[in-house]
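Content type compact mmCIF, C-alpha atoms, from the file protein21.txt:
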# COMPACT_ATOMS: atom_id res chain seq x y z
CA MET V 1 -32.02 30.44 16.62
CA THR V 2 -30.11 27.22 16.00
CA GLN V 3 -28.72 26.04 19.32
CA VAL V 4 -25.94 23.92 17.79
CA GLN V 5 -24.23 24.44 14.43
CA ARG V 6 -22.30 21.55 12.92
CA PHE V 7 -19.52 21.58 10.34
CA THR V 8 -18.10 18.73 8.30
CA ILE V 9 -14.38 18.15 7.95
CA ASN V 10 -12.40 20.71 5.97
CA THR V 11 -10.79 18.66 3.20
CA VAL V 12 -9.09 21.54 1.41
CA GLY V 13 -7.64 23.79 4.09
CA ARG V 14 -7.15 24.47 7.78
CA ASP V 15 -9.56 25.32 10.58
CA PHE V 16 -8.66 27.77 13.33
CA ALA V 17 -10.41 29.10 16.42
CA VAL V 18 -9.74 32.42 18.12
CA GLY V 19 -10.51 33.80 21.57
CA ASP V 20 -12.59 36.88 22.40
CA ILE V 21 -12.20 39.62 19.78
CA HIS V 22 -14.02 42.52 21.48
CA GLY V 23 -13.96 44.92 18.55
CA HIS V 24 -10.32 44.48 17.52
CA PHE V 25 -10.71 43.07 14.03
CA THR V 26 -7.64 44.80 12.58
CA LYS V 27 -5.49 43.09 15.18
CA LEU V 28 -7.25 39.80 14.45
CA GLN V 29 -6.47 40.16 10.75
CA ALA V 30 -2.80 40.66 11.62
CA ALA V 31 -2.87 37.39 13.59
CA LEU V 32 -4.44 35.62 10.61
CA ASP V 33 -1.80 37.06 8.28
CA ALA V 34 0.91 35.76 10.61
CA VAL V 35 -0.26 32.15 10.13
CA GLY V 36 -0.80 32.54 6.39
CA PHE V 37 -4.57 32.21 6.67
CA ASN V 38 -6.07 31.48 3.23
CA PRO V 39 -9.70 32.61 2.98
CA ALA V 40 -10.17 30.47 -0.12
CA THR V 41 -9.66 27.24 1.83
CA ASP V 42 -9.34 27.95 5.56
CA ARG V 43 -12.07 28.59 8.15
CA LEU V 44 -12.07 30.63 11.35
CA PHE V 45 -14.30 29.95 14.35
CA SER V 46 -14.90 32.54 17.05
CA VAL V 47 -15.67 31.64 20.67
CA GLY V 48 -17.92 34.71 20.83
CA ASP V 49 -17.62 38.17 22.40
CA MET V 50 -16.80 39.69 19.05
CA VAL V 51 -18.01 43.14 20.14
CA ASP V 52 -17.85 45.71 22.97
CA ARG V 53 -14.80 47.37 24.57
CA GLY V 54 -12.84 47.75 21.33
CA PRO V 55 -13.01 50.45 18.64
CA GLU V 56 -14.23 48.28 15.73
CA SER V 57 -17.40 46.64 17.05
CA THR V 58 -19.40 47.99 14.12
CA ASP V 59 -17.23 45.87 11.79
CA VAL V 60 -18.75 42.67 13.16
CA ASP V 61 -21.32 42.54 10.37
CA VAL V 62 -18.57 42.55 7.75
CA TRP V 63 -16.86 39.62 9.46
CA LEU V 64 -20.04 37.61 9.98
CA ALA V 65 -20.73 37.99 6.26
CA LYS V 66 -17.43 36.34 5.35
CA PRO V 67 -18.10 32.78 4.08
CA TRP V 68 -15.21 31.39 6.15
CA PHE V 69 -16.01 33.05 9.51
CA PHE V 70 -18.34 31.49 12.09
CA ALA V 71 -19.10 32.28 15.72
CA VAL V 72 -21.00 31.17 18.79
CA GLN V 73 -22.98 33.67 20.82
CA GLY V 74 -20.92 35.06 23.68
CA ASN V 75 -22.29 36.75 26.76
CA HIS V 76 -21.68 40.17 25.21
CA GLU V 77 -23.80 39.32 22.17
CA GLN V 78 -26.40 37.89 24.54
CA MET V 79 -26.42 41.10 26.61
CA ALA V 80 -27.15 43.13 23.48
CA VAL V 81 -30.01 40.82 22.51
CA ASP V 82 -31.54 40.88 25.98
CA ALA V 83 -31.33 44.66 26.27
CA HIS V 84 -32.93 45.15 22.86
CA ARG V 85 -35.78 42.78 23.65
CA LEU V 86 -36.48 44.79 26.81
CA SER V 87 -36.51 48.02 24.77
CA HIS V 88 -33.32 49.22 26.48
CA LYS V 89 -35.01 49.51 29.84
CA GLY V 90 -33.83 48.39 33.24
CA GLN V 91 -30.91 46.27 34.36
CA ALA V 92 -30.20 44.49 31.05
CA SER V 93 -29.23 47.61 29.13
CA TYR V 94 -27.31 49.04 32.11
CA ILE V 95 -25.21 45.89 32.43
CA HIS V 96 -24.44 45.95 28.72
CA MET V 97 -23.52 49.65 28.79
CA ILE V 98 -21.05 49.34 31.65
CA ASN V 99 -19.44 46.33 29.99
CA GLY V 100 -18.49 48.11 26.78
CA GLY V 101 -21.80 48.19 24.93
CA ALA V 102 -22.07 51.96 24.57
CA TRP V 103 -21.15 51.75 20.88
CA LEU V 104 -24.49 50.06 20.14
CA TYR V 105 -26.65 52.69 21.83
CA GLY V 106 -24.99 55.47 19.87
CA LEU V 107 -26.46 54.04 16.68
CA SER V 108 -29.91 54.62 15.23
CA THR V 109 -32.69 52.28 16.31
CA VAL V 110 -32.64 50.70 12.85
CA GLU V 111 -28.90 50.05 13.07
CA GLN V 112 -29.24 48.68 16.59
CA ALA V 113 -31.90 46.23 15.43
CA PHE V 114 -29.67 45.17 12.52
CA TYR V 115 -26.79 44.18 14.79
CA VAL V 116 -28.99 42.56 17.40
CA ASP V 117 -30.65 40.44 14.71
CA LEU V 118 -27.18 39.20 13.68
CA PHE V 119 -26.37 38.25 17.27
CA ALA V 120 -29.72 36.63 18.01
CA VAL V 121 -29.30 33.84 15.46
CA LEU V 122 -25.80 32.81 16.54
CA PRO V 123 -25.62 29.28 17.99
CA ILE V 124 -24.70 28.53 21.59
CA ALA V 125 -22.39 25.69 20.53
CA ILE V 126 -20.46 24.71 17.42
CA GLU V 127 -19.16 21.26 16.46
CA VAL V 128 -16.41 20.86 13.88
CA MET V 129 -15.31 17.49 12.54
CA THR V 130 -11.52 17.24 12.20
CA PRO V 131 -9.07 14.45 11.34
CA ILE V 132 -8.62 13.84 15.10
CA GLY V 133 -12.35 13.80 15.84
CA LEU V 134 -15.00 16.30 16.91
CA VAL V 135 -13.98 19.63 18.36
CA GLY V 136 -16.58 21.64 20.25
CA ILE V 137 -16.81 25.39 20.81
CA VAL V 138 -18.79 27.31 23.43
CA HIS V 139 -18.08 30.75 24.79
CA ALA V 140 -17.32 30.16 28.46
CA ASP V 141 -17.75 26.61 29.74
CA CYS V 142 -19.41 23.25 29.18
CA PRO V 143 -21.91 22.71 32.01
CA PHE V 144 -21.55 18.92 32.01
CA ASP V 145 -18.70 16.43 31.89
CA ASP V 146 -20.33 14.91 28.81
CA TRP V 147 -20.68 16.86 25.56
CA ALA V 148 -23.73 14.91 24.37
CA GLN V 149 -25.58 15.72 27.60
CA MET V 150 -25.13 19.43 26.97
CA LEU V 151 -26.29 19.10 23.37
CA GLY V 152 -29.33 17.16 24.50
CA VAL V 153 -30.47 19.98 26.74
CA LEU V 154 -29.73 22.68 24.17
CA GLU V 155 -31.55 20.92 21.35
CA GLN V 156 -34.34 19.05 23.10
CA GLU V 157 -35.27 21.06 26.19
CA GLN V 158 -37.03 24.40 26.34
CA GLY V 159 -37.72 27.05 28.93
CA ALA V 160 -35.83 27.32 32.21
CA MET V 161 -33.71 24.20 31.75
CA GLN V 162 -32.43 25.25 28.33
CA ARG V 163 -31.82 28.81 29.46
CA SER V 164 -29.87 27.62 32.49
CA VAL V 165 -27.51 25.62 30.30
CA GLN V 166 -27.17 28.52 27.86
CA THR V 167 -26.24 30.80 30.75
CA ILE V 168 -23.50 28.45 31.94
CA CYS V 169 -22.19 28.10 28.38
CA GLN V 170 -21.93 31.88 28.09
CA TRP V 171 -21.04 33.08 31.59
CA SER V 172 -19.48 30.38 33.77
CA ARG V 173 -15.89 30.49 34.99
CA ALA V 174 -16.35 27.50 37.31
CA ARG V 175 -14.06 25.10 35.47
CA ILE V 176 -11.08 27.41 35.22
CA THR V 177 -11.40 29.07 38.63
CA SER V 178 -11.53 25.67 40.33
CA GLU V 179 -8.83 24.30 37.98
CA ASN V 180 -11.13 21.37 37.20
CA ASP V 181 -9.16 19.09 34.88
CA THR V 182 -11.84 16.38 34.60
CA GLY V 183 -12.48 17.31 30.99
CA VAL V 184 -15.51 16.63 28.81
CA SER V 185 -16.21 13.16 27.42
CA GLY V 186 -17.60 12.45 23.97
CA ILE V 187 -15.51 15.09 22.22
CA ARG V 188 -11.83 15.45 21.28
CA ALA V 189 -11.52 18.98 22.64
CA VAL V 190 -13.67 21.89 23.80
CA LEU V 191 -12.50 25.42 23.01
CA VAL V 192 -13.64 28.35 25.16
CA GLY V 193 -12.83 31.99 25.83
CA HIS V 194 -14.47 34.41 28.32
CA THR V 195 -11.73 34.24 30.97
CA VAL V 196 -8.46 35.94 30.08
CA VAL V 197 -5.33 33.81 30.51
CA LEU V 198 -1.71 34.81 29.92
CA GLN V 199 -1.15 31.71 27.78
CA PRO V 200 -3.57 29.11 26.40
CA THR V 201 -4.59 26.97 29.35
CA VAL V 202 -5.65 23.32 29.04
CA LEU V 203 -7.75 21.63 31.72
CA GLY V 204 -8.43 18.04 30.72
CA ASN V 205 -9.49 18.53 27.12
CA VAL V 206 -10.90 22.04 27.61
CA TYR V 207 -8.75 24.72 25.97
CA HIS V 208 -9.05 28.28 27.29
CA ILE V 209 -7.80 30.49 24.47
CA ASP V 210 -8.72 34.10 25.34
CA THR V 211 -5.23 35.51 25.77
CA GLY V 212 -6.42 39.11 25.94
CA GLY V 213 -5.68 40.26 22.42
CA TRP V 214 -8.38 42.89 22.98
CA ARG V 215 -6.72 44.42 26.06
CA GLY V 216 -3.04 44.54 25.23
CA GLY V 217 -2.27 40.84 25.08
CA HIS V 218 -2.13 38.75 21.92
CA PHE V 219 -4.69 36.80 19.93
CA THR V 220 -4.17 33.06 20.11
CA LEU V 221 -5.18 31.00 17.10
CA ILE V 222 -5.53 27.26 17.61
CA ASP V 223 -5.46 24.78 14.74
CA LEU V 224 -8.45 22.48 15.25
CA ALA V 225 -6.80 19.54 13.51
CA THR V 226 -3.62 19.56 15.59
CA LEU V 227 -4.62 21.64 18.66
CA GLU V 228 -1.40 23.59 18.09
CA CYS V 229 -1.44 27.19 19.28
CA PHE V 230 -0.19 30.20 17.33
CA PRO V 231 1.91 31.97 18.38
CA PRO V 232 3.60 28.86 19.80
CA VAL V 233 3.80 28.56 23.56
CA ASN V 234 5.94 26.67 26.00
CA PRO V 235 4.13 23.34 26.54
CA GLU V 236 4.56 23.78 30.26
CA LEU V 237 2.61 27.04 30.06
CA CYS V 238 -0.17 25.48 27.98
CA SER V 239 -1.60 23.39 30.81
CA ARG V 240 -2.26 23.49 34.50
Mind converting the file's structure to structure tokens?
Amino acid sequence: MTQVQRFTINTVGRDFAVGDIHGHFTKLQAALDAVGFNPATDRLFSVGDMVDRGPESTDVDVWLAKPWFFAVQGNHEQMAVDAHRLSHKGQASYIHMINGGAWLYGLSTVEQAFYVDLFAVLPIAIEVMTPIGLVGIVHADCPFDDWAQMLGVLEQEQGAMQRSVQTICQWSRARITSENDTGVSGIRAVLVGHTVVLQPTVLGNVYHIDTGGWRGGHFTLIDLATLECFPPVNPELCSR
């Protein structure tokens, strides 16, 4: 597993990020169509939680095979990996099941292993170079107020320390629940999902973009080069 995946600047097209998908890929495609997404030149980055809860979780392999689609590992992908490694026994599989993972356990053991192998190699963090500087992506939160400090732990530490930071990256709601607008230094912006918001919410330079497209809301796409949201929102609603 590569902890951090890095991308050079897109010189021929646009880069977008999207919030949690949760098995609603048809609805995601409609959002891409609405912004004129061009798969020949544009790229799409997912903040993770591509599966569970929605009806199209089994389509995740098709999307991960697209040369323009990239994702970090969300807590739902991590739950699937953990449950599989424990042979579906105990608390790990139960937690995944009650959080929308039943689709996986209805598949054959070979199919289950196929999907889990896809999830297991996803990075915890993504960096994308843009004309305005580096943009970072993690699923839930950055555990430090300095981006480089987080990368240092992910890439150089092992064991309990690394796992603790991974857990915060995938599960924490601390920044948004406390309305911490300190931001993260060393990076232009950090894009996260995990916590559903009515409109994209900006705290410092941390953009929360899971607007609940998977549960009746809408998918928000954010242009990494401009940090402009689609569909457009009232600027007063885009920050706290």
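Proximity of V:Met129, V:Ile137, V:Val18, V:Val62 to Gly212 (chain V), computed with all atoms listed in the file, is greatest for V:Val18.
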Around the point (-7.8, 22.2, 3.5) (coordinates from the file), which residues reach within 12 Å if we count all atoms listed in the file? Answer as a ChimeraX atom specification. /V:8-16,37-43,130-131,223-225
Measure the distance from CA of Glu155 (chain V) to CA of Ile124 (chain V) in Å and round it to one decimal. 10.2 Å
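The protein and nucleic acid residues lying at most 9 Å from Leu151 (chain V) are Gln3, Val4 and Ala125 of chain V, with only C-alpha atoms considered and sequence neighbours fewer than 6 positions away removed.
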File dump, residues just selected, C-alpha atoms, as a JSON list (two decimals), keeping the file's coordinate frame:
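Done, and the output landed in selection-v8.json:
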[["chain", "number", "residue", "atom", "x", "y", "z"],
["V", 3, "GLN", "CA", -28.72, 26.04, 19.32],
["V", 4, "VAL", "CA", -25.94, 23.92, 17.79],
["V", 125, "ALA", "CA", -22.39, 25.69, 20.53]]
Closest-contact table, region 18-64 of chain V side, partner region 97-109 of chain V, 8 Å, counting all atoms listed in the file, as a Markdown table:
| residue | atom | partner | partner_atom | distance |
| --- | --- | --- | --- | --- |
| V:Val51 | CA | V:Gly101 | CA | 7.9 |
| V:Asp52 | CA | V:Gly100 | CA | 4.5 |
| V:Arg53 | CA | V:Gly100 | CA | 4.4 |
| V:Gly54 | CA | V:Gly100 | CA | 7.9 |
| V:Ser57 | CA | V:Trp103 | CA | 7.4 |
| V:Thr58 | CA | V:Trp103 | CA | 7.9 |
Please provide the set of residues having any atom within 7 Å of region 171-188 of chain V, restricted to all atoms listed in the file, with same-chain residues fewer than 4 positions apart removed, written as a list in words. Asn75, Gly133, Leu134, Val135, Gly136, Ala140, Asp141, Asp145, Asp146, Trp147, Ala148, Thr167, Thr195, Leu203, Gly204, Asn205 and Val206 of chain V
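A straight line drawn from CA of Pro143 (chain V) to CA of Thr226 (chain V) is 24.8 Å long.
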Quote the spacing between CA of Gln162 (chain V) and CA of Trp63 (chain V) in Å to one decimal place. 28.4 Å
Which polymer residues, whether protein, DNA or RNA, lie within 9 Å of the coordinate (-14.6, 32.7, 21.1) when you count all atoms listed in the file? List them as a short mmCIF file (atom, residue, chain, number, x, y, z; two decimals) with C-alpha atoms, in the coordinates of the input, using the chain letters and numbers from the file.
data_model
loop_
_atom_site.label_atom_id
_atom_site.label_comp_id
_atom_site.auth_asym_id
_atom_site.auth_seq_id
_atom_site.Cartn_x
_atom_site.Cartn_y
_atom_site.Cartn_z
CA ALA V 17 -10.41 29.10 16.42
CA VAL V 18 -9.74 32.42 18.12
CA GLY V 19 -10.51 33.80 21.57
CA ASP V 20 -12.59 36.88 22.40
CA ILE V 21 -12.20 39.62 19.78
CA PHE V 45 -14.30 29.95 14.35
CA SER V 46 -14.90 32.54 17.05
CA VAL V 47 -15.67 31.64 20.67
CA GLY V 48 -17.92 34.71 20.83
CA ASP V 49 -17.62 38.17 22.40
CA MET V 50 -16.80 39.69 19.05
CA ALA V 71 -19.10 32.28 15.72
CA VAL V 72 -21.00 31.17 18.79
CA GLN V 73 -22.98 33.67 20.82
CA GLY V 74 -20.92 35.06 23.68
CA ILE V 137 -16.81 25.39 20.81
CA VAL V 138 -18.79 27.31 23.43
CA HIS V 139 -18.08 30.75 24.79
CA ALA V 140 -17.32 30.16 28.46
CA LEU V 191 -12.50 25.42 23.01
CA VAL V 192 -13.64 28.35 25.16
CA GLY V 193 -12.83 31.99 25.83
CA HIS V 194 -14.47 34.41 28.32
CA ILE V 209 -7.80 30.49 24.47
CA ASP V 210 -8.72 34.10 25.34
#
